[in-house]
Structure formats: structure tokens, C-alpha cells
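File shown: final.txt. Contents: compact mmCIF, C-alpha atoms.
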```txt
# COMPACT_ATOMS: atom_id res chain seq x y z
CA MET M 636 230.78 127.14 133.41
CA LYS M 637 232.86 125.60 130.64
CA LYS M 638 234.67 122.37 131.41
CA GLY M 639 238.18 123.04 132.67
CA TRP M 640 237.34 126.60 133.75
CA GLN M 641 237.20 127.88 137.31
CA THR M 642 236.11 131.06 139.04
CA LYS M 643 238.13 132.85 141.72
CA LYS M 644 238.11 136.19 143.48
CA LEU M 645 240.59 138.59 141.95
CA GLY M 646 242.45 138.93 145.23
CA ASP M 647 243.03 135.16 145.39
CA ILE M 648 244.88 134.95 142.08
CA CYS M 649 247.13 138.01 142.49
CA ALA M 650 250.65 138.15 143.82
CA PHE M 651 250.30 141.92 144.27
CA LEU M 652 247.24 144.14 144.19
CA ASN M 653 247.75 147.64 145.52
CA ARG M 654 247.88 151.33 144.69
CA GLY M 655 251.05 153.05 143.62
CA MET M 656 253.00 155.67 145.55
CA SER M 657 252.70 159.40 146.28
CA PRO M 658 255.61 160.76 144.20
CA VAL M 659 258.01 163.60 144.89
CA TYR M 660 258.01 165.12 141.44
CA LEU M 661 261.03 166.25 139.42
CA ASP M 662 261.31 168.00 136.08
CA LYS M 663 264.10 165.69 134.92
CA GLY M 664 265.76 162.43 135.91
CA GLY M 665 264.49 160.12 138.59
CA VAL M 666 261.97 157.34 138.05
CA ARG M 667 259.17 157.41 135.50
CA VAL M 668 255.68 157.61 137.06
CA LEU M 669 252.50 156.62 135.25
CA ASN M 670 249.22 158.33 136.06
CA GLN M 671 245.56 158.11 135.04
CA LYS M 672 246.21 159.89 131.74
CA CYS M 673 248.57 157.09 130.76
CA ILE M 674 245.79 154.48 130.80
CA ARG M 675 243.32 154.72 127.95
CA ASP M 676 241.76 152.44 125.34
CA HIS M 677 243.35 149.40 127.02
CA GLU M 678 246.83 150.66 126.27
CA VAL M 679 249.64 152.18 128.35
CA ASN M 680 250.79 155.53 126.96
CA TYR M 681 254.09 156.68 128.45
CA GLU M 682 254.00 160.22 127.04
CA PRO M 683 251.89 161.84 129.84
CA SER M 684 254.10 160.25 132.53
CA ARG M 685 256.04 162.32 135.06
CA ARG M 686 259.29 161.89 137.05
CA HIS M 687 259.81 160.94 140.70
CA ASP M 688 262.78 161.85 142.91
CA SER M 689 263.88 158.40 144.08
CA LYS M 690 266.58 159.95 146.28
CA ALA M 691 263.96 161.77 148.32
CA LYS M 692 261.68 158.70 148.51
CA LYS M 693 262.62 155.15 147.58
CA VAL M 694 260.33 153.20 145.27
CA ALA M 695 259.39 149.86 146.82
CA GLU M 696 260.37 146.90 144.63
CA GLU M 697 256.80 145.56 144.38
CA ARG M 698 255.61 148.92 143.00
CA ILE M 699 257.97 148.82 140.03
CA ILE M 700 255.78 147.69 137.15
CA ARG M 701 256.59 144.45 135.32
CA LEU M 702 255.67 142.76 132.09
CA GLY M 703 252.12 141.41 132.44
CA ASP M 704 250.99 143.81 135.16
CA VAL M 705 247.50 145.21 134.68
CA LEU M 706 247.04 148.87 135.65
CA VAL M 707 243.62 150.02 136.86
CA ASN M 708 242.63 153.66 137.30
CA SER M 709 241.27 153.83 140.83
CA THR M 710 240.12 157.43 141.26
CA GLY M 711 238.34 160.11 139.28
CA THR M 712 234.97 160.56 137.67
CA GLY M 713 235.20 159.45 134.05
CA THR M 714 238.62 157.82 134.48
CA LEU M 715 237.98 155.22 137.19
CA GLY M 716 238.05 151.62 136.06
CA ARG M 717 240.10 152.04 132.90
CA VAL M 718 242.23 148.94 132.43
CA ALA M 719 245.49 148.53 130.51
CA GLN M 720 248.11 145.79 130.55
CA VAL M 721 251.87 146.22 130.32
CA ARG M 722 252.40 143.99 127.28
CA ASP M 723 255.96 145.12 126.52
CA GLU M 724 258.86 145.22 128.94
CA PRO M 725 259.26 148.85 130.16
CA ASP M 726 262.43 150.43 128.76
CA GLU M 727 263.28 151.99 132.13
CA VAL M 728 262.33 151.69 135.78
CA THR M 729 258.68 152.73 136.02
CA THR M 730 256.11 152.97 138.80
CA VAL M 731 252.57 154.36 139.18
CA ASP M 732 251.12 157.08 141.36
CA SER M 733 248.55 156.56 144.11
CA HIS M 734 245.61 157.00 141.72
CA VAL M 735 246.49 153.78 139.88
CA THR M 736 246.34 150.18 141.15
CA ILE M 737 248.85 147.53 140.08
CA VAL M 738 247.22 144.12 139.59
CA ARG M 739 249.89 141.40 139.28
CA PRO M 740 249.00 137.72 138.74
CA LYS M 741 250.50 134.84 140.69
CA PRO M 742 253.29 133.15 138.72
CA GLY M 743 252.36 130.13 136.65
CA LEU M 744 248.56 130.58 136.70
CA PHE M 745 248.16 132.54 133.50
CA HIS M 746 249.37 133.21 130.04
CA LEU M 747 250.09 136.89 130.77
CA ASP M 748 248.13 138.34 127.86
CA PHE M 749 245.10 136.24 128.85
CA PHE M 750 245.26 137.81 132.30
CA GLY M 751 245.00 141.24 130.69
CA TYR M 752 241.99 140.30 128.60
CA MET M 753 240.36 138.74 131.67
CA LEU M 754 240.41 142.09 133.45
CA ILE M 755 239.10 143.94 130.38
CA VAL M 756 236.03 141.69 130.67
CA ILE M 757 235.21 143.15 134.11
CA GLU M 758 236.21 146.75 133.27
CA GLU M 759 232.64 148.09 133.12
CA ALA M 760 231.80 146.48 136.47
CA ILE M 761 234.89 148.09 138.00
CA LYS M 762 233.79 151.52 136.74
CA GLU M 763 230.45 151.10 138.52
CA ALA M 764 232.04 150.05 141.81
CA GLY M 765 233.61 153.41 142.71
CA GLU M 766 232.76 154.81 146.08
CA GLY M 767 232.88 158.49 147.08
CA CYS M 768 231.21 161.85 146.64
CA GLY M 769 231.88 165.44 145.65
CA GLY M 770 232.87 164.45 142.14
CA GLN M 771 235.89 162.38 143.27
CA THR M 772 235.18 158.71 142.75
CA GLU M 773 237.35 156.19 144.60
CA LEU M 774 237.89 152.47 144.22
CA ALA M 775 239.16 150.83 147.40
CA ARG M 776 241.76 148.05 147.13
CA SER M 777 239.55 145.73 149.16
CA VAL M 778 236.66 146.25 146.73
CA LEU M 779 238.83 145.32 143.77
CA ALA M 780 240.27 142.27 145.55
CA ASP M 781 237.11 140.87 147.16
CA ARG M 782 234.11 141.99 145.12
CA PHE M 783 235.26 140.90 141.68
CA SER M 784 235.53 137.32 140.47
CA VAL M 785 237.10 136.14 137.23
CA SER M 786 236.70 132.91 135.25
CA TYR M 787 239.48 131.24 133.31
CA PRO M 788 240.56 127.89 131.84
CA THR M 789 243.32 126.27 133.85
CA PRO M 790 245.34 124.84 130.91
CA LEU M 791 247.82 127.45 129.70
CA PRO M 792 247.65 126.26 126.05
CA GLU M 793 243.89 126.96 126.07
CA GLN M 794 244.53 130.47 127.45
CA GLN M 795 247.11 131.02 124.70
CA ARG M 796 244.64 129.84 122.04
CA ILE M 797 242.03 132.35 123.30
CA VAL M 798 244.61 135.13 123.29
CA GLY M 799 245.35 134.42 119.62
CA ILE M 800 241.66 134.77 118.75
CA LEU M 801 241.27 137.99 120.74
CA ASP M 802 244.48 139.54 119.38
CA ALA M 803 243.23 138.99 115.84
CA ALA M 804 239.83 140.47 116.71
CA PHE M 805 241.34 143.57 118.33
CA GLU M 806 243.69 144.07 115.38
CA GLY M 807 240.70 143.96 113.07
CA LEU M 808 238.84 146.47 115.22
CA ALA M 809 241.84 148.82 115.23
CA THR M 810 242.03 148.68 111.43
CA ALA M 811 238.30 149.28 111.06
CA LYS M 812 238.46 152.21 113.49
CA ALA M 813 241.39 153.79 111.63
CA ASN M 814 239.56 153.45 108.29
CA ALA M 815 236.36 154.91 109.76
CA GLU M 816 238.24 157.90 111.20
CA LYS M 817 239.98 158.48 107.85
CA ASN M 818 236.65 158.35 106.00
CA LEU M 819 235.12 160.76 108.51
CA LEU M 820 237.98 163.23 108.04
CA ASN M 821 237.64 163.00 104.27
CA ALA M 822 233.88 163.56 104.47
CA ARG M 823 234.37 166.52 106.80
CA ALA M 824 236.97 168.05 104.46
CA LEU M 825 234.60 167.71 101.51
CA PHE M 826 231.75 169.31 103.46
CA ASP M 827 234.03 172.18 104.53
CA SER M 828 234.99 172.80 100.90
CA HIS M 829 231.34 173.06 99.87
CA LEU M 830 230.52 175.22 102.89
CA GLN M 831 233.31 177.69 102.16
CA ALA M 832 232.35 177.82 98.48
CA VAL M 833 228.72 178.64 99.26
CA PHE M 834 229.71 181.54 101.51
CA SER M 835 232.49 182.90 99.33
CA GLN M 836 232.88 184.15 95.80
CA ARG M 837 234.92 181.18 94.61
CA SER M 838 233.53 178.22 92.68
CA LEU M 839 233.62 174.50 93.42
CA ASN M 840 233.54 171.85 90.69
CA GLY M 841 232.40 174.49 88.19
CA ALA M 842 229.50 175.76 90.32
CA GLU M 843 229.47 179.34 91.45
CA GLY M 844 229.62 180.06 95.17
CA ARG M 845 227.50 183.09 95.99
CA GLY M 846 224.56 184.00 93.84
CA LYS M 847 223.06 187.47 93.40
CA GLY M 848 221.70 189.52 96.28
CA TRP M 849 224.36 188.74 98.88
CA VAL M 850 225.47 191.47 101.31
CA GLU M 851 228.26 191.62 103.88
CA LYS M 852 227.67 193.04 107.36
CA PRO M 853 229.40 192.68 110.73
CA PHE M 854 227.79 190.34 113.24
CA SER M 855 227.10 193.34 115.49
CA GLU M 856 224.58 194.68 112.94
CA LEU M 857 222.84 191.34 112.53
CA CYS M 858 222.53 189.83 115.99
CA ASP M 859 222.90 190.18 119.74
CA ILE M 860 224.68 187.67 121.96
CA LYS M 861 223.49 187.16 125.53
CA HIS M 862 225.53 185.37 128.19
CA GLY M 863 223.93 182.57 130.18
CA PHE M 864 223.26 182.01 133.87
CA ALA M 865 225.90 181.12 136.49
CA PHE M 866 224.44 177.85 137.73
CA LYS M 867 225.69 176.79 141.17
CA GLY M 868 227.90 173.72 141.27
CA GLU M 869 226.30 172.47 144.49
CA PHE M 870 223.11 171.70 142.54
CA PHE M 871 224.80 169.76 139.72
CA THR M 872 223.67 166.14 139.53
CA LYS M 873 224.44 163.10 137.38
CA GLN M 874 220.80 162.63 136.40
CA GLY M 875 217.79 164.88 136.10
CA ARG M 876 215.39 166.71 133.82
CA TYR M 877 217.54 169.70 132.87
CA VAL M 878 220.86 169.40 131.06
CA VAL M 879 223.44 172.12 131.75
CA LEU M 880 224.95 172.93 128.36
CA THR M 881 228.68 173.75 128.34
CA PRO M 882 231.32 174.02 125.59
CA GLY M 883 231.96 170.33 126.30
CA ASN M 884 228.64 169.62 124.56
CA TYR M 885 229.99 171.00 121.28
CA TYR M 886 231.67 169.25 118.41
CA GLU M 887 234.55 171.27 116.98
CA ALA M 888 232.61 171.49 113.73
CA GLY M 889 229.53 172.71 115.58
CA GLY M 890 226.49 170.79 116.74
CA TYR M 891 225.33 169.11 119.94
CA ARG M 892 226.89 166.02 121.49
CA ASP M 893 225.82 164.13 124.58
CA ARG M 894 228.66 163.91 127.13
CA GLY M 895 227.48 160.58 128.51
CA GLU M 896 228.75 159.98 132.05
CA LYS M 897 230.29 163.46 132.13
CA GLN M 898 226.96 165.16 131.41
CA LYS M 899 225.85 167.69 134.05
CA TYR M 900 222.24 168.08 135.17
CA TYR M 901 220.74 170.72 137.47
CA ALA M 902 218.40 170.38 140.45
CA GLY M 903 218.40 173.97 141.74
CA GLU M 904 216.13 176.93 141.03
CA ILE M 905 216.22 177.90 137.35
CA PRO M 906 215.34 181.35 135.93
CA PRO M 907 212.80 180.68 133.13
CA ASP M 908 214.72 182.81 130.61
CA TYR M 909 217.60 180.34 130.69
CA ILE M 910 215.55 177.27 129.71
CA MET M 911 216.18 176.83 125.99
CA LYS M 912 213.73 176.14 123.17
CA GLU M 913 214.30 173.83 120.22
CA GLY M 914 216.20 175.66 117.48
CA ASP M 915 217.79 178.30 119.75
CA MET M 916 221.37 178.98 118.68
CA LEU M 917 224.19 179.12 121.19
CA VAL M 918 227.88 179.78 120.60
CA ALA M 919 230.77 178.70 122.82
CA MET M 920 232.15 181.77 124.62
CA THR M 921 235.12 180.02 126.25
CA GLU M 922 237.71 177.64 124.82
CA GLN M 923 237.48 174.64 127.24
CA ALA M 924 238.83 172.44 124.43
CA ALA M 925 240.95 173.43 121.45
CA GLY M 926 238.95 174.71 118.49
CA LEU M 927 235.63 175.20 120.30
CA LEU M 928 235.58 178.96 120.85
CA GLY M 929 232.84 180.47 118.69
CA SER M 930 231.47 177.12 117.54
CA PRO M 931 227.68 177.14 117.12
CA LEU M 932 225.01 174.76 118.41
CA LEU M 933 221.31 174.48 117.67
CA VAL M 934 219.34 173.33 120.73
CA PRO M 935 217.84 169.94 119.80
CA GLU M 936 214.82 169.91 122.15
CA SER M 937 212.63 172.36 124.09
CA ASP M 938 212.41 172.58 127.90
CA LYS M 939 215.37 170.31 128.54
CA PHE M 940 218.57 172.34 128.08
CA LEU M 941 219.90 175.20 130.21
CA HIS M 942 221.83 178.26 129.01
CA ASN M 943 225.10 178.26 130.96
CA GLN M 944 227.21 181.41 131.40
CA ARG M 945 229.96 180.04 129.16
CA LEU M 946 227.64 180.08 126.17
CA GLY M 947 226.12 182.97 124.23
CA LEU M 948 222.52 182.97 123.02
CA VAL M 949 222.42 184.43 119.50
CA THR M 950 219.28 186.42 118.64
CA GLN M 951 218.57 188.49 115.54
CA LYS M 952 218.34 192.25 115.49
CA PRO M 953 214.90 193.76 114.69
CA ASP M 954 214.01 193.69 111.00
CA VAL M 955 216.99 191.48 110.07
CA PRO M 956 216.08 188.56 107.77
CA TRP M 957 217.27 185.57 109.77
CA THR M 958 216.91 181.85 110.29
CA ASN M 959 219.00 180.11 112.92
CA GLU M 960 219.59 177.15 110.63
CA PHE M 961 221.18 179.38 107.99
CA PHE M 962 223.27 181.41 110.43
CA PHE M 963 224.47 178.22 112.13
CA HIS M 964 226.42 177.63 108.91
CA VAL M 965 227.46 181.29 108.69
CA PHE M 966 229.02 181.06 112.16
CA ASN M 967 230.62 177.74 111.22
CA THR M 968 232.53 179.03 108.19
CA GLN M 969 236.26 179.55 108.51
CA ALA M 970 235.81 183.30 108.02
CA GLY M 971 233.09 183.49 110.67
CA LEU M 972 235.02 181.50 113.26
CA CYS M 973 238.18 183.48 112.53
CA ARG M 974 236.40 186.79 113.19
CA LEU M 975 234.78 185.51 116.38
CA ARG M 976 238.06 184.16 117.76
CA SER M 977 239.93 187.29 116.74
CA ALA M 978 237.39 189.43 118.60
CA ALA M 979 237.82 187.23 121.69
CA ALA M 980 241.58 187.59 121.57
CA HIS M 981 241.38 191.36 121.13
CA PRO M 982 238.23 192.63 122.88
```
Re-express the file's structure as C-alpha cells.
Amino acid sequence: MKKGWQTKKLGDICAFLNRGMSPVYLDKGGVRVLNQKCIRDHEVNYEPSRRHDSKAKKVAEERIIRLGDVLVNSTGTGTLGRVAQVRDEPDEVTTVDSHVTIVRPKPGLFHLDFFGYMLIVIEEAIKEAGEGCGGQTELARSVLADRFSVSYPTPLPEQQRIVGILDAAFEGLATAKANAEKNLLNARALFDSHLQAVFSQRSLNGAEGRGKGWVEKPFSELCDIKHGFAFKGEFFTKQGRYVVLTPGNYYEAGGYRDRGEKQKYYAGEIPPDYIMKEGDMLVAMTEQAAGLLGSPLLVPESDKFLHNQRLGLVTQKPDVPWTNEFFFHVFNTQAGLCRLRSAAAHP
């Protein structure tokens, strides 16, 4: 350990470490209540907050959040362990619900922003410490207080110096992320322009869109769409050989994405017809997330992915010239997606 640093259990350095309250919700007025949705990317977002009727149930003083408090999501698969610090004084009385833990340092031990960074360091370990089953992960207060240790320099000026370095690094990361997202949007817009030009009669940069020999036909004359299998939730697992594909595996612009910790696997009996082959094309048959309905996906690997009931397997009609790679782009055009979504809205 570095000279001047010490290691302590989290519970030993906190003045308060406990879950929030079970609110009595109101539409208006009352006390602002933060929930799991408010804690993301190490920041507190007040927009998804709700309101509590403080007349029906008083908010204990220690559960009113303060400057420097660290909020830790303490329930929920995929949300547990997220850490965010209150780095600005709340503009009104605010508490948290029972799915969030308030971690408040003892006075005088820490530069407050250093305390926040110190808990970000152990965020991944917190995520792995959840206990529970049935898809609802829980983090007990005692686990958070007793299982986790943190290391810190005792001189406050040294903590402040470290905070300055980390603030500058995070600001640089935020700028780089914003630039990367802007570049990605620009690249996507350019690709969309080329895609629409190829499948339309307009030109792009002086090049003609469609060449000779193009025909227009409804999808119903070109292909069939088969619904998938209703896999039973009791056999879903977090690991396994077979991935259950859902609309959550789709990018809005089409294509497969791994859902990481949210990925579903299957350990039950599987009808062979619903085990996909590389290159099979599936379209999202339900919305699940905005912009996904009708989006196409080409299966990236054989004998690994399962055809779920919320997806449609696209197969060509007899004697129709067809390649899945080509029709992936046909389905992904604005005109194609518009027709698919219109048909879904008006069956």
C-alpha cells in the first residue's frame, strides 16, 4: 500500500449506510424520490424521479440525501451496483426508494468528491456481490458494509489532488465519447443516404440509383415469414450453449448485438427447426424498443442461436431470385421498414 494510505471496511467509514424508504406515491407535490433509473453512468439524473406523499409517511432525516452522498443501486438484474455521487446540492428535499442504498461518509475523513471516486473503484465488485434468484438480484446492507474494503490517503490535500487528476480524465473521456457518437451518427447518415439511393430512382453525388432490370413486388410475393417458438421462461439461464434471440439483440439499424449480462440462454428441450443456421434472416416482430419493429438480422453463427416467437424467419418463395444478404438491405431501407411497420399497425 502507498505510504500514508490505509484500508478500512466500507461500514467503518460511513456515518450512514442504508436503503431508502418505501414511498407512498403522488402525481404532484410531496417529496422527490430517486429510483434505480436515476443512477446511470456515475451520474444522478433527476428526470425519472417520482413524488412521495410526506403527509402520509414522514421521511426520516437521515434518508434525505445530502451533498457528497453516494447512491448505490441495490436490486435488479442489470442495474445492481451502479454508483453515482450527489456532487451538487439538491434543489429540493429529495430521498431514495428502497431499491437504492445511501452511502454517507463520516465527517472530516474525506474530500467528498474523492469519496465518490473511491466507490466507483469497487463498482464492478459490488455488481458481482448480489444475492437472490428468480431474476431479482439483491444486495444486502450488511454485504455492502462488511464485505467491501476501500483504500485512501489520509491527508485531505492529497485526496483533493487526486480528484483534480480524475476530474480532468473524466472530462476528457466525456469529450471523446461525444465526438465518437457524433462521428458515428454522421457515418450512419451517410450510409443511409447511399442505401436509399441504391434502392430508389434518385441519384447520389452524380451516380444513378437503380440500374436496369429492377422490378417492384410486395413482400408477400417474394417471401414467407414464420414465427418462432415460445420458449419457457423457467428454462432461461445466464450461461449456456444456445442463445435465445429477442428484439433486444437487434440494433435499430439492423444487425446482431450481444446483450452481455442481459443475454438469455436456454437449457430446456429445443425443437430442431428453431435452431438457426448462419446467414438465416430474422426480423423483429414486436417493438420492445423504439425503432426495432421490422428491423432485420442475419444470424452470425450456426447451431448457437434460437428462433424466439417474437422474431420472424424470412424465407424466399419458390423460384424467387434471392440472397439473404441483399434482402437484409431491402428490409433495412426506409421504404421497406415503413411498409412493414404500417402492416403491423393495420393488420
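Counting from atom CA of Gly890 of chain M, the distance to atom CA of His677 of chain M is 29.1 Å.
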(request) Could you tell me which of M:Leu652, M:Arg685, M:Pro790, M:Glu724 comes closest to Val738 of chain M if we count only C-alpha atoms? (result) M:Leu652
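Closest approach to Pro882 of chain M among M:Arg945, M:Lys912, M:Lys939, M:Lys663 is made by M:Arg945 (distances from all atoms listed in the file).
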(request) Mind checking which residues fall within 9 Å of Leu715 of chain M, counting all atoms listed in the file, ignoring those fewer than 3 positions away in the same chain, and posting them as a list in words? (result) Gln671, Val707, Asn708, Ser709, Thr710, Gly711, Thr712, Val718, Ile761, Lys762, Glu763, Gly765, Thr772, Glu773 and Leu774 of chain M
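You can rank M:Ala719, M:Met920, M:Leu928, M:Leu857 by their closest distance to Asn959 of chain M using only C-alpha atoms, and at the top of that list sits M:Leu857.
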For a cut-off of 10 Å around (256.6, 165.2, 144.1), file coordinates, pick out all residues using all atoms listed in the file and list them as a CSV table (one decimal) with C-alpha atoms, in the coordinates of the input.
```csv
chain,number,residue,atom,x,y,z
M,657,SER,CA,252.7,159.4,146.3
M,658,PRO,CA,255.6,160.8,144.2
M,659,VAL,CA,258.0,163.6,144.9
M,660,TYR,CA,258.0,165.1,141.4
M,661,LEU,CA,261.0,166.2,139.4
M,662,ASP,CA,261.3,168.0,136.1
M,685,ARG,CA,256.0,162.3,135.1
M,686,ARG,CA,259.3,161.9,137.0
M,687,HIS,CA,259.8,160.9,140.7
M,688,ASP,CA,262.8,161.8,142.9
M,689,SER,CA,263.9,158.4,144.1
M,691,ALA,CA,264.0,161.8,148.3
M,692,LYS,CA,261.7,158.7,148.5
```
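Of note, atom CA of Ile737 of chain M and atom CA of Val778 of chain M are spaced 13.9 Å apart.
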(request) Tell me, in Å to one decimal, how far atom CA of Leu744 of chain M is from atom CA of Leu791 of chain M. (result) 7.7 Å
(message) Using only C-alpha atoms, list the residues that have an atom at most 12 Å from (251.1, 154.8, 130.4), coordinates as in the file, as a ChimeraX atom specification.
(response) /M:667-685,700,704-708,717-723,725,729-732,735
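Contact shell of Thr921 of chain M at 10 Å (only C-alpha atoms; same-chain neighbours under 4 positions omitted): Thr881, Pro882, Leu927, Leu928, Gly929, Ser930, Gln944, Arg945, Leu946, Gly947, Arg976 and Ala979 of chain M.
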(request) For Thr950 of chain M, list every protein, DNA or RNA residue within 12 Å, evaluated using only C-alpha atoms, and leave out those in the same chain fewer than 5 positions away; present the list as a PyMOL selection string. (result) chain M and resi 854-862+914-918+955-959+962-963
(message) Give me the residues near Lys643 of chain M as a ChimeraX atom specification, where near means some atom within 7 Å (using only C-alpha atoms) and where sequence neighbours in that chain fewer than 4 positions away do not count.
(response) /M:647,784-786
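Shortest atom-to-atom contact with Leu801 of chain M among M:Ile755, M:Val879, M:Gly665, M:Ala865: M:Ile755, counting all atoms listed in the file.
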